[in-house]
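Step one of this worksheet: look at the structure below.
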Amino acid sequence: MKEALNYSLKVTLTTLLFCLPITFVIMMGYINLLSLVSANYNFNVNLDIKDAGVFLLLTFCALLFNMRKINGKTKIVYNKRTIAGKAFVASVIIFLVYLLLFGKLRYLSIDEFVITYGPTFLITIISMRTYPLRNEDSQTEFV
């Protein structure tokens, strides 16, 4: 469980560290690009730190939930791609339900949604693939 906790913390803290600066850079680039293309285009971007925190909490819990059987009684060996894929899909789906329930998707267009939340999703995927996940008993890497 210690390795699962370390892996989950690494992924969520890396996402938290890079989420806001990279999203800001992408937003500013997109807004500058729009001003070159069309003068009458309205674009609204609002990345709330609470929303990022909710997504990171969901990702952390989903990673721990999907890694629960690595060293459990059944000794089922999951590979890292399966763990990361299931955790990411579960956290994104629950996060979208959260956004729908609180009405935060009501006024967002598709490009606003992708620019606002896309970098966070991308950083999470890259972090999940970058950090190694090792079995505590044998210290071999799951691939």
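Letters A, B, ... mark the chains of the structure tokens in the order given; residue numbers begin at 1 per chain; ligand numbers begin at 1, in order shown.
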
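Every protein, DNA or RNA residue with an atom at most 12 Å from Lys50 (chain A), where only C-alpha atoms count and chain neighbours fewer than 3 positions away do not, is listed here: Leu16, Leu20, Asn46, Leu47, Gly53, Val54, Phe55, Leu56, Leu57, Phe95, Tyr98, Leu99 and Lys104 of chain A.
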
Produce a file of the selected residues containing all heavy atoms, as a JSON list (two decimals), in the first residue's frame.
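Saved the output as result_20.json:
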[["chain", "number", "residue", "atom", "x", "y", "z"],
["A", 16, "LEU", "N", -0.95, 19.04, -9.79],
["A", 16, "LEU", "CA", -1.25, 20.29, -9.09],
["A", 16, "LEU", "C", -0.19, 21.34, -9.38],
["A", 16, "LEU", "O", -0.52, 22.51, -9.61],
["A", 16, "LEU", "CB", -1.36, 20.05, -7.58],
["A", 16, "LEU", "CG", -1.66, 21.26, -6.72],
["A", 16, "LEU", "CD1", -3.04, 21.81, -7.06],
["A", 16, "LEU", "CD2", -1.57, 20.90, -5.25],
["A", 20, "LEU", "N", -1.95, 24.80, -13.22],
["A", 20, "LEU", "CA", -2.30, 26.20, -13.41],
["A", 20, "LEU", "C", -1.36, 26.94, -14.36],
["A", 20, "LEU", "O", -1.83, 27.66, -15.25],
["A", 20, "LEU", "CB", -2.38, 26.92, -12.06],
["A", 20, "LEU", "CG", -3.55, 26.48, -11.18],
["A", 20, "LEU", "CD1", -3.50, 27.17, -9.84],
["A", 20, "LEU", "CD2", -4.87, 26.73, -11.86],
["A", 46, "ASN", "N", -12.46, 30.23, -17.19],
["A", 46, "ASN", "CA", -12.47, 30.34, -15.74],
["A", 46, "ASN", "C", -12.10, 28.99, -15.15],
["A", 46, "ASN", "O", -12.93, 28.10, -15.05],
["A", 46, "ASN", "CB", -13.85, 30.77, -15.26],
["A", 46, "ASN", "CG", -13.89, 30.97, -13.76],
["A", 46, "ASN", "OD1", -12.87, 31.08, -13.11],
["A", 46, "ASN", "ND2", -15.09, 31.00, -13.22],
["A", 47, "LEU", "N", -10.85, 28.84, -14.76],
["A", 47, "LEU", "CA", -10.41, 27.62, -14.10],
["A", 47, "LEU", "C", -10.37, 27.89, -12.60],
["A", 47, "LEU", "O", -9.52, 28.61, -12.11],
["A", 47, "LEU", "CB", -9.02, 27.18, -14.59],
["A", 47, "LEU", "CG", -8.46, 25.93, -13.91],
["A", 47, "LEU", "CD1", -9.36, 24.73, -14.19],
["A", 47, "LEU", "CD2", -7.06, 25.66, -14.38],
["A", 53, "GLY", "N", -8.84, 21.06, -7.59],
["A", 53, "GLY", "CA", -8.69, 20.27, -6.37],
["A", 53, "GLY", "C", -9.62, 19.08, -6.33],
["A", 53, "GLY", "O", -9.24, 17.99, -5.90],
["A", 54, "VAL", "N", -10.85, 19.27, -6.77],
["A", 54, "VAL", "CA", -11.80, 18.16, -6.83],
["A", 54, "VAL", "C", -11.32, 17.09, -7.80],
["A", 54, "VAL", "O", -11.36, 15.89, -7.49],
["A", 54, "VAL", "CB", -13.22, 18.67, -7.21],
["A", 54, "VAL", "CG1", -14.15, 17.52, -7.57],
["A", 54, "VAL", "CG2", -13.81, 19.48, -6.08],
["A", 55, "PHE", "N", -10.84, 17.51, -8.97],
["A", 55, "PHE", "CA", -10.34, 16.54, -9.94],
["A", 55, "PHE", "C", -9.13, 15.78, -9.38],
["A", 55, "PHE", "O", -9.02, 14.57, -9.55],
["A", 55, "PHE", "CB", -9.97, 17.23, -11.26],
["A", 55, "PHE", "CG", -9.36, 16.28, -12.25],
["A", 55, "PHE", "CD1", -10.14, 15.30, -12.84],
["A", 55, "PHE", "CD2", -8.02, 16.34, -12.56],
["A", 55, "PHE", "CE1", -9.58, 14.40, -13.74],
["A", 55, "PHE", "CE2", -7.45, 15.46, -13.45],
["A", 55, "PHE", "CZ", -8.23, 14.48, -14.04],
["A", 56, "LEU", "N", -8.23, 16.48, -8.71],
["A", 56, "LEU", "CA", -7.05, 15.82, -8.15],
["A", 56, "LEU", "C", -7.43, 14.86, -7.03],
["A", 56, "LEU", "O", -6.85, 13.77, -6.91],
["A", 56, "LEU", "CB", -6.05, 16.85, -7.65],
["A", 56, "LEU", "CG", -5.40, 17.68, -8.75],
["A", 56, "LEU", "CD1", -4.51, 18.75, -8.15],
["A", 56, "LEU", "CD2", -4.61, 16.80, -9.69],
["A", 57, "LEU", "N", -8.38, 15.23, -6.22],
["A", 57, "LEU", "CA", -8.86, 14.32, -5.17],
["A", 57, "LEU", "C", -9.50, 13.08, -5.76],
["A", 57, "LEU", "O", -9.26, 11.96, -5.30],
["A", 57, "LEU", "CB", -9.84, 15.05, -4.25],
["A", 57, "LEU", "CG", -10.42, 14.23, -3.11],
["A", 57, "LEU", "CD1", -9.32, 13.88, -2.12],
["A", 57, "LEU", "CD2", -11.53, 15.00, -2.42],
["A", 95, "PHE", "N", -15.73, 13.53, -12.38],
["A", 95, "PHE", "CA", -15.52, 14.97, -12.44],
["A", 95, "PHE", "C", -16.54, 15.64, -13.36],
["A", 95, "PHE", "O", -17.06, 16.71, -13.04],
["A", 95, "PHE", "CB", -14.09, 15.26, -12.91],
["A", 95, "PHE", "CG", -13.75, 16.72, -12.94],
["A", 95, "PHE", "CD1", -13.69, 17.46, -11.77],
["A", 95, "PHE", "CD2", -13.48, 17.34, -14.14],
["A", 95, "PHE", "CE1", -13.37, 18.81, -11.80],
["A", 95, "PHE", "CE2", -13.15, 18.68, -14.18],
["A", 95, "PHE", "CZ", -13.10, 19.42, -13.00],
["A", 98, "TYR", "N", -19.73, 15.84, -11.54],
["A", 98, "TYR", "CA", -19.62, 16.93, -10.57],
["A", 98, "TYR", "C", -19.88, 18.28, -11.26],
["A", 98, "TYR", "O", -20.63, 19.12, -10.76],
["A", 98, "TYR", "CB", -18.24, 16.90, -9.92],
["A", 98, "TYR", "CG", -17.79, 18.20, -9.31],
["A", 98, "TYR", "CD1", -18.28, 18.63, -8.07],
["A", 98, "TYR", "CD2", -16.89, 19.04, -9.97],
["A", 98, "TYR", "CE1", -17.87, 19.83, -7.51],
["A", 98, "TYR", "CE2", -16.48, 20.23, -9.42],
["A", 98, "TYR", "CZ", -16.96, 20.63, -8.20],
["A", 98, "TYR", "OH", -16.57, 21.81, -7.65],
["A", 99, "LEU", "N", -19.24, 18.50, -12.41],
["A", 99, "LEU", "CA", -19.43, 19.76, -13.13],
["A", 99, "LEU", "C", -20.88, 19.94, -13.59],
["A", 99, "LEU", "O", -21.43, 21.04, -13.54],
["A", 99, "LEU", "CB", -18.49, 19.83, -14.33],
["A", 99, "LEU", "CG", -17.00, 19.99, -14.02],
["A", 99, "LEU", "CD1", -16.19, 19.92, -15.31],
["A", 99, "LEU", "CD2", -16.72, 21.28, -13.28],
["A", 104, "LYS", "N", -21.60, 23.91, -13.77],
["A", 104, "LYS", "CA", -20.41, 24.59, -14.28],
["A", 104, "LYS", "C", -20.17, 24.34, -15.76],
["A", 104, "LYS", "O", -19.33, 24.99, -16.36],
["A", 104, "LYS", "CB", -19.19, 24.16, -13.47],
["A", 104, "LYS", "CG", -19.32, 24.60, -12.02],
["A", 104, "LYS", "CD", -18.09, 24.32, -11.24],
["A", 104, "LYS", "CE", -18.32, 24.82, -9.82],
["A", 104, "LYS", "NZ", -17.12, 24.97, -9.08]]

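Each of A:Thr116, A:Thr130, A:Thr82, A:Asn32 was checked against Tyr7 (chain A) using only C-alpha atoms; the smallest atom-to-atom distance is that of A:Thr130.
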
Among region 40-124 of chain A, which ones does DSSP place in alpha helix (DSSP H), written as a PyMOL selection string? chain A and resi 49-66+80-101+110-124
